[in-house]
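K.L.:
This is query_8.txt, which holds compact mmCIF, C-alpha atoms:
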```
# COMPACT_ATOMS: atom_id res chain seq x y z
CA MET U 1 -39.57 -33.52 43.52
CA ALA U 2 -37.35 -30.41 43.49
CA TRP U 3 -35.26 -29.78 46.60
CA PHE U 4 -34.58 -26.16 45.76
CA LYS U 5 -35.68 -23.44 43.40
CA LYS U 6 -33.28 -21.72 41.08
CA GLU U 7 -33.86 -18.00 41.10
CA LYS U 8 -34.11 -16.47 37.66
CA THR U 9 -31.74 -13.62 36.88
CA PRO U 10 -33.79 -10.65 35.78
CA LYS U 11 -33.20 -9.72 32.16
CA THR U 12 -31.61 -6.37 31.45
CA PRO U 13 -33.79 -4.25 29.18
CA ALA U 14 -32.38 -4.04 25.65
CA GLY U 15 -31.74 -0.31 25.90
CA GLN U 16 -29.68 -0.73 29.08
CA ARG U 17 -27.42 -3.60 27.96
CA PRO U 18 -23.70 -2.78 27.88
CA THR U 19 -22.37 -2.24 24.37
CA ILE U 20 -18.93 -3.11 23.08
CA PRO U 21 -17.27 -0.03 21.54
CA GLU U 22 -16.63 -0.25 17.80
CA GLY U 23 -13.03 -0.82 16.74
CA LEU U 24 -12.10 -2.58 19.98
CA TRP U 25 -11.50 -5.92 18.23
CA THR U 26 -10.31 -6.88 14.79
CA LYS U 27 -10.51 -10.12 12.81
CA CYS U 28 -7.39 -11.46 11.12
CA GLU U 29 -7.97 -12.14 7.42
CA GLU U 30 -5.52 -15.05 7.49
CA CYS U 31 -6.12 -17.05 10.70
CA LYS U 32 -9.65 -15.64 11.32
CA GLU U 33 -8.84 -15.03 15.00
CA ILE U 34 -10.51 -12.15 16.83
CA ILE U 35 -7.71 -10.02 18.29
CA PHE U 36 -7.63 -6.96 20.52
CA ALA U 37 -7.12 -4.09 18.03
CA LYS U 38 -4.64 -2.29 20.28
CA THR U 39 -2.43 -5.39 20.35
CA VAL U 40 -2.35 -5.47 16.54
CA GLU U 41 -1.60 -1.75 16.36
CA GLN U 42 1.29 -2.04 18.81
CA ASN U 43 2.68 -4.87 16.69
CA LEU U 44 2.97 -2.58 13.61
CA ASN U 45 -0.40 -3.90 12.36
CA VAL U 46 0.89 -7.46 12.12
CA CYS U 47 -1.21 -10.32 13.53
CA PRO U 48 0.63 -11.60 16.65
CA ARG U 49 -0.69 -15.13 16.06
CA CYS U 50 -0.06 -15.88 12.39
CA GLY U 51 2.07 -12.94 11.18
CA PHE U 52 -0.52 -11.63 8.70
CA HIS U 53 0.36 -8.08 7.62
CA PHE U 54 -2.63 -5.75 7.81
CA ARG U 55 -2.67 -2.82 5.42
CA LEU U 56 -1.12 0.50 6.49
CA THR U 57 -2.05 4.00 5.38
CA ALA U 58 0.48 6.13 3.50
CA ARG U 59 1.24 8.24 6.58
CA GLU U 60 1.62 5.14 8.76
CA ARG U 61 4.28 4.05 6.27
CA PHE U 62 6.04 7.38 6.70
CA GLU U 63 5.96 6.90 10.47
CA LEU U 64 7.47 3.45 9.98
CA PHE U 65 10.30 4.54 7.68
CA PHE U 66 11.34 8.05 8.70
CA ASP U 67 13.51 8.58 11.77
CA ASP U 68 11.42 9.71 14.76
CA GLY U 69 8.43 10.03 12.42
CA GLN U 70 9.83 13.35 11.15
CA TYR U 71 9.26 14.16 7.47
CA GLU U 72 8.20 16.91 5.09
CA GLU U 73 5.33 16.24 2.69
CA PHE U 74 5.39 17.93 -0.71
CA ALA U 75 3.36 18.03 -3.96
CA THR U 76 0.19 18.24 -1.87
CA GLY U 77 -1.85 20.65 -3.99
CA ILE U 78 -2.35 18.57 -7.16
CA ARG U 79 -5.93 17.58 -8.03
CA SER U 80 -7.49 15.41 -10.73
CA GLY U 81 -9.61 16.90 -13.50
CA ASP U 82 -12.39 15.05 -15.30
CA PRO U 83 -11.07 14.89 -18.88
CA LEU U 84 -13.40 12.08 -19.98
CA LYS U 85 -16.54 13.35 -18.17
CA PHE U 86 -16.66 9.84 -16.73
CA ARG U 87 -19.69 8.57 -14.87
CA ASP U 88 -20.47 5.13 -13.43
CA THR U 89 -22.75 5.01 -10.39
CA LYS U 90 -21.38 8.49 -9.58
CA ALA U 91 -19.84 11.29 -11.57
CA TYR U 92 -16.04 11.16 -11.29
CA PRO U 93 -15.70 14.56 -9.51
CA ASP U 94 -18.30 13.43 -6.95
CA ARG U 95 -16.37 10.22 -6.35
CA LEU U 96 -13.14 12.16 -5.84
CA ARG U 97 -14.85 14.45 -3.33
CA LEU U 98 -16.21 11.43 -1.46
CA TYR U 99 -12.74 9.88 -1.08
CA THR U 100 -11.17 13.21 -0.17
CA GLN U 101 -13.68 13.56 2.67
CA LYS U 102 -12.99 9.98 3.77
CA VAL U 103 -9.19 9.84 3.47
CA GLY U 104 -8.05 13.45 3.15
CA SER U 105 -6.44 15.35 0.31
CA GLY U 106 -3.51 13.99 -1.61
CA ASP U 107 -5.11 11.44 -3.95
CA ALA U 108 -3.79 7.86 -4.02
CA VAL U 109 -0.14 8.67 -3.28
CA LEU U 110 1.64 10.88 -0.75
CA CYS U 111 5.22 12.10 -1.17
CA ALA U 112 7.63 13.05 1.59
CA GLU U 113 11.29 13.75 2.28
CA GLY U 114 13.09 12.86 5.47
CA ARG U 115 15.83 10.70 6.97
CA LEU U 116 15.88 6.93 7.14
CA ASP U 117 18.58 5.66 9.47
CA GLY U 118 20.26 9.05 9.13
CA MET U 119 20.18 9.06 5.30
CA LEU U 120 18.21 11.73 3.47
CA LEU U 121 15.77 10.25 0.92
CA VAL U 122 12.40 10.69 -0.80
CA ILE U 123 9.51 8.26 -0.34
CA ALA U 124 6.29 8.03 -2.36
CA SER U 125 3.75 5.92 -0.48
CA MET U 126 0.47 4.80 -2.07
CA GLU U 127 -2.84 5.19 -0.21
CA TYR U 128 -5.08 2.17 -0.84
CA ASP U 129 -8.07 3.74 0.89
CA PHE U 130 -8.22 6.37 -1.87
CA MET U 131 -9.95 4.55 -4.75
CA GLY U 132 -7.98 1.35 -4.15
CA GLY U 133 -4.66 3.15 -4.57
CA SER U 134 -5.49 3.46 -8.27
CA MET U 135 -2.95 5.10 -10.57
CA GLY U 136 -4.35 8.16 -12.35
CA SER U 137 -2.77 11.33 -13.72
CA VAL U 138 -2.23 12.81 -10.23
CA VAL U 139 -0.39 9.69 -9.05
CA GLY U 140 1.81 9.81 -12.15
CA GLU U 141 2.55 13.52 -11.70
CA LYS U 142 3.31 13.25 -7.98
CA ILE U 143 5.62 10.22 -8.31
CA THR U 144 7.42 11.95 -11.19
CA ILE U 145 7.85 15.10 -9.08
CA ALA U 146 9.19 12.92 -6.23
CA ALA U 147 11.67 11.18 -8.56
CA GLU U 148 12.83 14.56 -9.94
CA ARG U 149 13.29 15.88 -6.39
CA ALA U 150 15.48 12.88 -5.57
CA LEU U 151 17.40 13.47 -8.81
CA GLU U 152 17.92 17.17 -8.07
CA LYS U 153 19.16 16.51 -4.53
CA GLU U 154 21.03 13.34 -5.57
CA ILE U 155 19.42 11.20 -2.87
CA PRO U 156 17.79 7.72 -2.94
CA PHE U 157 14.15 7.20 -3.92
CA VAL U 158 11.68 4.66 -2.49
CA ILE U 159 8.17 3.86 -3.71
CA VAL U 160 5.84 1.85 -1.47
CA SER U 161 3.20 0.32 -3.73
CA CYS U 162 -0.29 -0.71 -2.64
CA SER U 163 -2.67 -0.53 -5.57
CA GLY U 164 -5.38 -2.18 -7.62
CA GLY U 165 -3.81 -0.80 -10.80
CA ALA U 166 -4.64 1.97 -13.29
CA ARG U 167 -7.70 4.16 -12.68
CA MET U 168 -10.40 3.40 -15.25
CA GLN U 169 -12.07 6.81 -14.80
CA GLU U 170 -9.15 8.44 -16.63
CA GLY U 171 -8.78 5.82 -19.36
CA ILE U 172 -5.66 6.08 -21.51
CA LEU U 173 -4.38 8.99 -19.39
CA SER U 174 -3.91 6.52 -16.54
CA LEU U 175 -1.96 4.13 -18.74
CA MET U 176 0.29 6.97 -19.93
CA GLN U 177 1.54 7.36 -16.35
CA MET U 178 3.32 4.00 -16.65
CA ALA U 179 5.67 5.42 -19.30
CA LYS U 180 5.94 8.81 -17.59
CA ILE U 181 7.08 7.36 -14.25
CA SER U 182 9.33 4.79 -15.93
CA ALA U 183 11.12 7.59 -17.81
CA ALA U 184 11.66 9.51 -14.55
CA LEU U 185 13.10 6.37 -12.93
CA ARG U 186 15.43 5.90 -15.90
CA ARG U 187 16.88 9.37 -15.24
CA LEU U 188 17.61 8.28 -11.67
CA ALA U 189 19.33 5.14 -12.96
CA ASP U 190 21.43 7.17 -15.44
CA LYS U 191 22.61 9.28 -12.50
CA GLY U 192 23.43 6.17 -10.45
CA LEU U 193 20.91 6.98 -7.71
CA PRO U 194 19.27 4.06 -5.88
CA TYR U 195 15.57 3.37 -6.46
CA ILE U 196 14.00 0.82 -4.11
CA SER U 197 10.56 -0.63 -4.81
CA VAL U 198 8.60 -1.92 -1.79
CA MET U 199 5.54 -3.99 -2.71
CA THR U 200 2.72 -4.56 -0.24
CA ASN U 201 -0.63 -6.33 -0.39
CA PRO U 202 -1.98 -5.83 -3.04
CA THR U 203 0.25 -4.56 -5.86
CA THR U 204 -1.50 -5.28 -9.15
CA GLY U 205 -2.35 -4.08 -12.65
CA GLY U 206 -0.46 -1.26 -14.33
CA VAL U 207 1.47 -0.46 -11.15
CA THR U 208 3.05 -3.93 -11.21
CA ALA U 209 3.54 -3.64 -14.98
CA SER U 210 5.63 -0.49 -14.52
CA TYR U 211 7.36 1.16 -11.56
CA ALA U 212 6.70 -1.52 -8.90
CA MET U 213 8.92 -3.96 -10.81
CA LEU U 214 11.60 -1.47 -11.86
CA GLY U 215 13.47 -1.17 -8.58
CA ASP U 216 17.22 -1.64 -8.38
CA VAL U 217 16.06 -3.97 -5.62
CA ASN U 218 12.45 -5.17 -5.33
CA ILE U 219 11.36 -5.82 -1.74
CA ALA U 220 8.00 -7.34 -0.74
CA GLU U 221 6.13 -7.90 2.50
CA PRO U 222 5.23 -11.55 3.26
CA LYS U 223 2.28 -13.11 1.38
CA ALA U 224 1.55 -9.92 -0.56
CA LEU U 225 -0.54 -10.37 -3.71
CA ILE U 226 1.62 -9.11 -6.58
CA GLY U 227 0.67 -9.51 -10.22
CA PHE U 228 -0.87 -7.97 -13.31
CA ALA U 229 -4.21 -9.73 -13.86
CA GLY U 230 -5.92 -11.59 -11.03
CA PRO U 231 -5.54 -15.37 -10.60
CA ARG U 232 -9.15 -16.05 -11.63
CA VAL U 233 -8.74 -14.11 -14.90
CA ILE U 234 -5.48 -15.96 -15.68
CA GLU U 235 -7.04 -19.37 -14.99
CA GLN U 236 -9.95 -18.57 -17.29
CA THR U 237 -7.55 -17.37 -20.00
CA ILE U 238 -5.07 -20.28 -20.00
CA ARG U 239 -7.65 -22.86 -18.81
CA GLN U 240 -5.22 -24.38 -16.35
CA LYS U 241 -5.07 -24.64 -12.58
CA LEU U 242 -2.50 -22.25 -11.16
CA PRO U 243 0.22 -23.41 -8.72
CA GLU U 244 -0.28 -23.04 -4.97
CA GLY U 245 0.59 -19.55 -3.76
CA PHE U 246 0.73 -18.15 -7.31
CA GLN U 247 1.29 -14.35 -7.36
CA ARG U 248 2.28 -14.24 -3.69
CA SER U 249 5.60 -12.77 -2.55
CA GLU U 250 7.12 -16.17 -1.76
CA PHE U 251 6.27 -17.56 -5.23
CA LEU U 252 7.73 -14.48 -6.94
CA LEU U 253 10.90 -14.67 -4.84
CA GLU U 254 11.37 -18.27 -6.01
CA HIS U 255 10.96 -17.19 -9.63
CA GLY U 256 13.21 -14.13 -9.52
CA MET U 257 10.65 -11.30 -9.69
CA VAL U 258 11.20 -10.28 -6.07
CA ASP U 259 14.67 -9.91 -4.52
CA ILE U 260 13.87 -9.79 -0.79
CA ILE U 261 10.91 -10.59 1.44
CA ALA U 262 11.06 -8.49 4.60
CA GLU U 263 8.83 -8.72 7.66
CA ARG U 264 7.42 -5.32 8.62
CA HIS U 265 9.53 -5.19 11.79
CA GLU U 266 12.65 -5.54 9.62
CA LEU U 267 11.53 -3.45 6.66
CA LYS U 268 13.18 -0.16 7.64
CA SER U 269 16.52 -1.77 8.47
CA THR U 270 16.37 -3.85 5.26
CA VAL U 271 15.80 -0.78 3.09
CA ALA U 272 18.61 1.05 4.93
CA LYS U 273 21.05 -1.84 4.30
CA VAL U 274 20.13 -2.02 0.61
CA ILE U 275 20.56 1.74 0.10
CA ARG U 276 23.94 1.73 1.85
CA HIS U 277 25.07 -1.17 -0.32
CA LEU U 278 23.92 0.52 -3.55
CA ALA U 279 25.26 3.95 -2.57
```
Could you take the file, read its structure, and then write that structure out as structure tokens?

P.N.:
Amino acid sequence: MAWFKKEKTPKTPAGQRPTIPEGLWTKCEECKEIIFAKTVEQNLNVCPRCGFHFRLTARERFELFFDDGQYEEFATGIRSGDPLKFRDTKAYPDRLRLYTQKVGSGDAVLCAEGRLDGMLLVIASMEYDFMGGSMGSVVGEKITIAAERALEKEIPFVIVSCSGGARMQEGILSLMQMAKISAALRRLADKGLPYISVMTNPTTGGVTASYAMLGDVNIAEPKALIGFAGPRVIEQTIRQKLPEGFQRSEFLLEHGMVDIIAERHELKSTVAKVIRHLA
């Protein structure tokens, strides 16, 4: 026998139910925790629970490095052609237009000049959201222009890498950029000007095989994937199990391919110290 009746709460019609705005929460790729997006953003896009470093855009990198977020972009008007008339699921020009609408003009790297801790320098920062930060002829041209600007003004040069490697839509022309950029960096070295390579997650393929590993000092963010071929491809090739943490920043630091691992909060001050030491 029931002593009381429990009143049923009337159901809210589906169309009137409160909705959670998109982008309010974000899920950490490392610890899988759901975190308030604003909290992550205020923490320089680093997970406050496990320290996972979320990816930054090229302009967010400029804001991080340049004093008071003040900088001058240059080499902004360069566009890719379609020398191979390449087509996969889309024609190459259509794919470029799609990414330009999504990310903005500038291709997969942006170049800027400004002051870092009072020192004038040039930074080329890769944009992963533009075709996975892939290195094509525009990326090669813009980084070369940036290196030549640093050479002309006799100031330090920094490249922030975030890339899946060479762009297949431009074939051998993409691979030629490895030599082109390396030659420009050699001219900086001959002049005794510092070149700092900052590697973020991921830095792979032809980018790793060229300018990302050519820094006077190679700096990496924690747990960044850095390598040429992916771990799965390497395992299938050598038919051996790879060590724990293979191709991560910490493993490469142990084996001499990375000089410094810097947390994002310390990245600007670390680069400033290195440049002052080299200069």

K.L.:
What does the distance from CA of Gly140 (chain U) to CA of Pro156 (chain U) come to in Å, to one decimal?

P.N.:
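A separation of 18.6 Å between them.
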
K.L.:
I'd like a table as a tab-separated table: residues in region 31-132 of chain U with an atom no more than 10 Å from region 162-179 of chain U, each row giving the shortest atom pair and its distance in Å to one decimal, only C-alpha atoms counted, sorted by chain and rising residue number.

P.N.:
```
residue	atom	partner	partner_atom	distance
U:Arg55	CA	U:Cys162	CA	8.7
U:Leu56	CA	U:Cys162	CA	9.2
U:Thr57	CA	U:Cys162	CA	9.5
U:Ala58	CA	U:Cys162	CA	9.2
U:Ser80	CA	U:Glu170	CA	9.3
U:Gly81	CA	U:Glu170	CA	9.0
U:Asp82	CA	U:Glu170	CA	7.5
U:Pro83	CA	U:Glu170	CA	7.1
U:Leu84	CA	U:Glu170	CA	6.5
U:Lys85	CA	U:Gln169	CA	8.6
U:Phe86	CA	U:Gln169	CA	5.8
U:Arg87	CA	U:Gln169	CA	7.8
U:Asp88	CA	U:Gln169	CA	8.7
U:Ala91	CA	U:Gln169	CA	9.5
U:Tyr92	CA	U:Gln169	CA	6.9
U:Ala108	CA	U:Ser163	CA	8.6
U:Val109	CA	U:Cys162	CA	9.4
U:Ser125	CA	U:Cys162	CA	8.1
U:Met126	CA	U:Cys162	CA	5.6
U:Glu127	CA	U:Cys162	CA	6.9
U:Tyr128	CA	U:Cys162	CA	5.9
U:Asp129	CA	U:Ser163	CA	9.4
U:Phe130	CA	U:Ser163	CA	9.6
U:Met131	CA	U:Arg167	CA	8.3
U:Gly132	CA	U:Gly164	CA	5.6
```

K.L.:
Excluding same-chain residues fewer than 6 positions from Ile260 (chain U), what lies within 8 Å of it counting all atoms listed in the file, as number ranges by chain?

P.N.:
U: 217-220, 253

K.L.:
Emit the selected residues as a PDB file, in the coordinates of the input, including C-alpha atoms.

P.N.:
```
ATOM      1  CA  VAL U 217      16.060  -3.970  -5.620  1.00  0.00           C
ATOM      2  CA  ASN U 218      12.450  -5.170  -5.330  1.00  0.00           C
ATOM      3  CA  ILE U 219      11.360  -5.820  -1.740  1.00  0.00           C
ATOM      4  CA  ALA U 220       8.000  -7.340  -0.740  1.00  0.00           C
ATOM      5  CA  LEU U 253      10.900 -14.670  -4.840  1.00  0.00           C
TER       6      LEU U 253
END
```

K.L.:
Separation of CA of Val158 (chain U) and CA of Gly245 (chain U), in Å?

P.N.:
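Atom-to-atom, CA of Val158 (chain U) to CA of Gly245 (chain U), that is 26.7 Å.
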
K.L.:
Any idea what the distance is between CA of Asp68 (chain U) and CA of Met119 (chain U)?

P.N.:
12.9 Å

K.L.:
Show me, as a ChimeraX atom specification, the residues that have an atom within 8 Å of Ile275 (chain U) when counting only C-alpha atoms, minus same-chain residues fewer than 4 positions from it.

P.N.:
/U:156,194,196,271,279

K.L.:
Restricting the calculation to all atoms listed in the file, which member of U:Glu250, U:Asp94, U:Asp67, U:Glu152 is positioned closest to Gly118 (chain U)?

P.N.:
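Ranked by minimum distance to Gly118 (chain U), first place goes to U:Asp67.
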
K.L.:
May I have the residues within 12 Å of Ile261 (chain U) as a VMD selection string, using all atoms listed in the file and disregarding those fewer than 5 positions away in the same chain?

P.N.:
chain U and resid 197 to 200 217 to 224 248 to 254 256 266 to 267 270 to 271

K.L.:
Dump as a PyMOL selection string all residues having an atom at most 9 Å from (0.0, -10.5, -9.7), computed in the file's coordinates with only C-alpha atoms.

P.N.:
chain U and resi 202-205+208+225-231+246-248

K.L.:
Using only C-alpha atoms, which protein or nucleic acid residues come within 12 Å of Leu64 (chain U)? Drop anything in the same chain fewer than 5 positions from it, and give the result as an MDAnalysis selection string.

P.N.:
chainID U and resid 43:45 56:59 69:71 114:117 123 125 160 264:269 271

K.L.:
(6.8, 7.8, -12.4) in this file's frame - what residues fall within 9 Å of it? Use only C-alpha atoms and give the answer as a list in words.

P.N.:
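All residues meeting the 9 Å criterion around (6.8, 7.8, -12.4) are Val139, Gly140, Glu141, Lys142, Ile143, Thr144, Ile145, Ala146, Ala147, Gln177, Met178, Ala179, Lys180, Ile181, Ser182, Ala183, Ala184, Leu185, Ser210 and Tyr211 of chain U.
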
K.L.:
So, counting all atoms listed in the file, which residue among U:Lys32, U:Lys153, U:Lys102, U:Arg186 is closest to Gly215 (chain U)?

P.N.:
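Ranked by minimum distance to Gly215 (chain U), first place goes to U:Arg186.
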
K.L.:
Restricting the calculation to all atoms listed in the file: of U:Ala150, U:Val207, U:Ala37, U:Cys111, which residue gets closest to Lys191 (chain U)?

P.N.:
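Of the candidates, the smallest distance to Lys191 (chain U) is held by U:Ala150.
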